[in-house]
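What follows is the content of input-v7.txt (compact mmCIF, C-alpha atoms).
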```txt
# COMPACT_ATOMS: atom_id res chain seq x y z
CA ARG Y 949 9.49 17.90 -14.33
CA VAL Y 950 11.73 15.80 -12.10
CA ASN Y 951 14.71 18.12 -12.56
CA ASP Y 952 12.65 21.07 -11.22
CA VAL Y 953 12.15 19.47 -7.80
CA ALA Y 954 13.77 21.71 -5.16
CA ARG Y 955 11.89 20.54 -2.07
CA MET Y 956 10.38 17.23 -1.02
CA GLU Y 957 8.07 16.87 1.97
CA ILE Y 958 6.96 13.46 3.23
CA ARG Y 959 4.51 13.06 6.12
CA SER Y 960 3.09 10.01 7.78
CA GLN Y 961 1.39 9.45 11.09
CA GLY Y 962 3.85 10.84 13.66
CA SER Y 963 6.77 11.51 11.32
CA THR Y 964 7.82 14.18 8.83
CA VAL Y 965 10.87 14.73 6.69
CA THR Y 966 11.66 17.82 4.62
CA LEU Y 967 14.40 17.62 2.00
CA VAL Y 968 15.67 20.76 0.31
CA ARG Y 969 18.06 21.41 -2.54
CA ASP Y 970 20.86 23.87 -1.80
CA GLY Y 971 22.79 24.37 -5.04
CA GLU Y 972 23.94 20.90 -6.04
CA ALA Y 973 23.53 19.45 -2.53
CA TRP Y 974 20.42 18.07 -0.85
CA LEU Y 975 19.81 18.57 2.86
CA VAL Y 976 17.46 17.18 5.50
CA GLU Y 977 15.95 20.50 6.59
CA ASN Y 978 14.35 19.26 9.80
CA ARG Y 979 17.58 17.60 10.96
CA ASP Y 980 19.79 20.70 11.14
CA ARG Y 981 20.28 20.63 7.36
CA HIS Y 982 22.26 17.38 7.54
CA PRO Y 983 23.46 16.18 4.11
CA ALA Y 984 20.89 13.96 2.40
CA LEU Y 985 21.32 11.00 0.07
CA PHE Y 986 20.72 12.29 -3.46
CA GLU Y 987 20.10 8.83 -4.93
CA GLY Y 988 17.10 8.29 -2.64
CA ILE Y 989 15.65 11.68 -3.54
CA LYS Y 990 16.12 11.02 -7.24
CA ARG Y 991 14.60 7.52 -6.92
CA THR Y 992 11.53 8.94 -5.15
CA ALA Y 993 10.96 11.75 -7.67
CA VAL Y 994 11.34 9.38 -10.62
CA SER Y 995 9.09 6.74 -9.01
CA ILE Y 996 6.31 9.34 -8.68
CA ALA Y 997 6.81 10.62 -12.23
CA ASP Y 998 6.60 7.04 -13.54
CA LEU Y 999 3.24 6.20 -11.90
CA ARG Y 1000 0.56 5.22 -14.40
CA ILE Y 1001 -3.15 5.02 -13.57
CA LEU Y 1002 -4.54 1.53 -14.06
CA ALA Y 1003 -8.05 2.05 -12.68
CA PRO Y 1004 -10.07 4.55 -10.66
CA LYS Y 1005 -11.10 3.21 -7.24
CA THR Y 1006 -13.27 4.64 -4.50
CA ARG Y 1007 -14.28 8.26 -3.92
CA ARG Y 1008 -15.86 7.37 -0.57
CA GLU Y 1009 -13.91 8.62 2.43
CA ALA Y 1010 -15.20 5.75 4.58
CA LEU Y 1011 -13.37 3.27 2.31
CA TYR Y 1012 -10.02 5.11 2.21
CA PRO Y 1013 -8.54 3.10 5.14
CA ARG Y 1014 -8.98 -0.14 3.15
CA LEU Y 1015 -6.70 1.28 0.46
CA GLY Y 1016 -4.47 3.20 2.87
CA VAL Y 1017 -5.21 6.54 1.20
CA GLU Y 1018 -6.82 8.29 4.17
CA ASP Y 1019 -5.51 11.70 5.27
CA VAL Y 1020 -2.25 11.29 7.18
CA ASP Y 1021 -3.81 13.08 10.17
CA ALA Y 1022 -6.61 10.51 10.46
CA GLU Y 1023 -6.50 8.16 13.42
CA ALA Y 1024 -4.23 5.15 12.74
CA ALA Y 1025 -3.53 6.35 9.18
CA ALA Y 1026 -1.27 4.06 7.14
CA SER Y 1027 -0.80 6.62 4.37
CA ARG Y 1028 2.06 8.93 3.40
CA LEU Y 1029 1.61 12.43 2.01
CA VAL Y 1030 4.34 13.21 -0.52
CA ARG Y 1031 4.79 16.73 -1.89
CA LEU Y 1032 7.31 17.72 -4.56
CA LEU Y 1033 7.79 21.47 -4.96
CA ASP Y 1034 9.84 23.64 -7.30
CA ALA Y 1035 12.23 26.45 -6.27
CA LYS Y 1036 9.33 28.92 -6.01
CA GLY Y 1037 7.41 26.61 -3.66
CA GLU Y 1038 4.87 25.70 -6.33
CA PRO Y 1039 3.65 22.09 -6.15
CA LEU Y 1040 4.83 19.77 -8.91
CA ALA Y 1041 3.12 16.72 -7.37
CA GLU Y 1042 1.08 16.10 -4.23
CA LEU Y 1043 -0.24 12.66 -3.50
CA ILE Y 1044 -1.27 10.37 -0.72
CA ALA Y 1045 0.45 7.02 -1.09
CA GLY Y 1046 -1.45 4.02 0.20
CA ARG Y 1047 -1.12 0.27 0.33
CA GLU Y 1048 0.62 -1.90 -2.23
CA ARG Y 1049 -1.57 -4.17 -4.30
CA THR Y 1050 0.01 -7.53 -5.03
CA SER Y 1051 -2.78 -9.30 -6.89
CA ASP Y 1052 -5.15 -7.46 -9.16
CA PRO Y 1053 -6.21 -8.44 -12.67
CA THR Y 1054 -5.70 -4.84 -13.76
CA ALA Y 1055 -2.09 -4.80 -12.55
CA GLY Y 1056 -1.06 -8.29 -13.69
CA ASP Y 1057 2.49 -9.04 -12.54
CA ARG Y 1058 3.43 -5.37 -12.31
CA LYS Y 1059 3.95 -3.56 -9.00
CA ALA Y 1060 0.87 -1.58 -8.13
CA MET Y 1061 -0.43 0.52 -5.27
CA TYR Y 1062 -3.27 2.82 -4.30
CA VAL Y 1063 -2.87 6.58 -4.38
CA ARG Y 1064 -5.01 9.66 -4.13
CA LYS Y 1065 -4.18 13.18 -5.24
CA ALA Y 1066 -4.02 15.43 -2.20
CA GLY Y 1067 -7.23 17.43 -1.83
CA GLU Y 1068 -9.23 15.22 -4.21
CA ALA Y 1069 -11.76 12.51 -3.41
CA GLN Y 1070 -10.94 10.04 -6.19
CA SER Y 1071 -8.43 7.28 -5.40
CA TYR Y 1072 -6.64 5.19 -8.01
CA LEU Y 1073 -4.82 1.93 -8.51
CA VAL Y 1074 -1.55 2.86 -10.19
CA GLU Y 1075 1.25 0.91 -11.76
CA GLY Y 1076 4.52 1.55 -9.94
CA GLU Y 1077 5.39 2.40 -6.38
CA VAL Y 1078 6.15 5.48 -4.33
CA LEU Y 1079 9.57 4.94 -2.79
CA ALA Y 1080 9.35 7.36 0.12
CA THR Y 1081 9.60 7.09 3.87
CA ALA Y 1082 8.85 9.84 6.38
CA ARG Y 1083 11.71 8.89 8.74
CA PRO Y 1084 14.41 11.60 8.48
CA THR Y 1085 17.23 9.17 9.33
CA ASP Y 1086 16.42 7.12 6.21
CA TRP Y 1087 17.42 10.13 4.10
CA MET Y 1088 20.58 11.17 5.94
CA ASP Y 1089 24.03 10.58 4.50
CA THR Y 1090 25.74 8.71 7.33
CA ASP Y 1091 29.17 8.33 5.73
CA VAL Y 1092 31.75 10.03 7.93
CA VAL Y 1093 34.87 9.09 5.99
CA ASP Y 1094 35.15 7.17 2.75
CA ILE Y 1095 38.78 6.30 2.06
CA PRO Y 1096 39.66 3.51 -0.38
CA ALA Y 1097 41.35 0.61 1.45
CA ASP Y 1098 44.44 0.73 -0.79
CA ARG Y 1099 45.16 4.28 0.44
CA ILE Y 1100 45.30 3.26 4.12
CA TYR Y 1101 48.74 2.35 5.45
CA SER Y 1102 47.95 2.01 9.15
CA VAL Y 1103 45.22 2.56 11.72
CA GLU Y 1104 45.66 3.33 15.40
CA ILE Y 1105 42.76 3.27 17.84
CA VAL Y 1106 43.18 4.99 21.19
CA GLN Y 1107 40.58 4.14 23.85
CA PRO Y 1108 39.44 6.82 26.33
CA TYR Y 1109 41.09 4.90 29.20
CA GLY Y 1110 44.47 4.91 27.42
CA SER Y 1111 44.93 1.52 25.77
CA THR Y 1112 45.72 1.46 22.06
CA ALA Y 1113 45.41 -0.94 19.16
CA ALA Y 1114 47.41 -0.55 15.98
CA ILE Y 1115 46.90 -2.24 12.64
```

Show how you would write the structure in this file as structure tokens.
Amino acid sequence: RVNDVARMEIRSQGSTVTLVRDGEAWLVENRDRHPALFEGIKRTAVSIADLRILAPKTRREALYPRLGVEDVDAEAAASRLVRLLDAKGEPLAELIAGRERTSDPTAGDRKAMYVRKAGEAQSYLVEGEVLATARPTDWMDTDVVDIPADRIYSVEIVQPYGSTAAI
């Protein structure tokens, strides 16, 4: 239900980002509702929807750090908690994303990683990857002005101390 996602929360050790849909726009809620990059949000939601379980892995909490699927609040956690919610705040997906797995006979040449559903003990090796970072600045639209070069006739730069440069 990728099109139903209205809120995305990503947490890692020491960092959190909350992305919210406001009509057709997406905003970084915990950065004064700064405009967010829709393509990144779409890529993340689709990457989670496309995950396919290859094999169950450990249920033992003591082994979670090896796979990177420990709780994000655990000491030195390498994991990311990703939550996708609908407009009513109901969870569509909640998972703990762990380490990538580059060589595994189960995965073959496909990209694979370890994940665990939030609140559950069982971890899994899945085909695919979770494209999500918990750094708010990675989600912010930083374009100030986007004017095609053929529409620009001249540019004048005025320095604070008075000198100018014209092109």

Expressed in Å, the length from atom CA of Thr1006 of chain Y to atom CA of Ala1025 of chain Y is 16.9 Å

Near-Ala1035 of chain Y list (8 Å; all atoms listed in the file; drop same-chain fewer than 4 positions) as a PyMOL selection string: chain Y and resi 952-955

Could you tell me which of Y:Glu1018, Y:Glu1023, Y:Asp970, Y:Glu987 comes closest to Leu1079 of chain Y if we count only C-alpha atoms?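 Of Y:Glu1018, Y:Glu1023, Y:Asp970, Y:Glu987, the one nearest Leu1079 of chain Y is Y:Glu987, counting only C-alpha atoms.
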
Of the residues Y:Asp1098, Y:Asp1086, Y:Asp1091, Y:Asp998, which is the one nearest to Ala1041 of chain Y, using all atoms listed in the file?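 Selected residue with least distance to Ala1041 of chain Y: Y:Asp998.
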
Among listed residues Y:Ala1069, Y:Ile1044, Y:Ala1003, Y:Ala1060, nearest Leu1032 of chain Y (using all atoms listed in the file):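 Counting all atoms listed in the file, the residue closest to Leu1032 of chain Y is Y:Ile1044.
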
When you look at Ser963 of chain Y with a cut-off of 10 Å (counting only C-alpha atoms), what residues show up, excluding the ones that are within fewer than 3 positions of it in the same chain? I need them as a count of residues only. 9

Taking all atoms listed in the file into account, which of Y:Val1017, Y:Gly971, Y:Ala1024, Y:Ile1100 comes nearest Ala1066 of chain Y?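 That would be Y:Val1017, the residue with the smallest distance to Ala1066 of chain Y.
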
One decimal, Å: what's the distance from atom CA of Ile996 of chain Y over to atom CA of Val965 of chain Y, could you say?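 So the answer is 16.9 Å.
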
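Distance check against Gly1076 of chain Y using all atoms listed in the file: of Y:Glu1042, Y:Asp1089, Y:Glu1048, Y:Val1030, the minimum falls on Y:Glu1048.
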
Near Ala997 of chain Y, counting all atoms listed in the file, which residues have an atom at most 10 Å away, once you skip same-chain residues fewer than 4 positions from it, shown as an MDAnalysis selection string? chainID Y and resid 949:950 991:993 1040:1041 1076 1078

To one decimal place in Å, what is the distance between atom CA of Glu1038 of chain Y and atom CA of Leu1073 of chain Y? 25.8 Å

Pick out the residues sitting within 9 Å of Val1074 of chain Y, and hand them over as a PyMOL selection string; count all atoms listed in the file, and ignore anything fewer than 4 positions along from it in its own chain. chain Y and resi 999-1004+1055+1059-1063
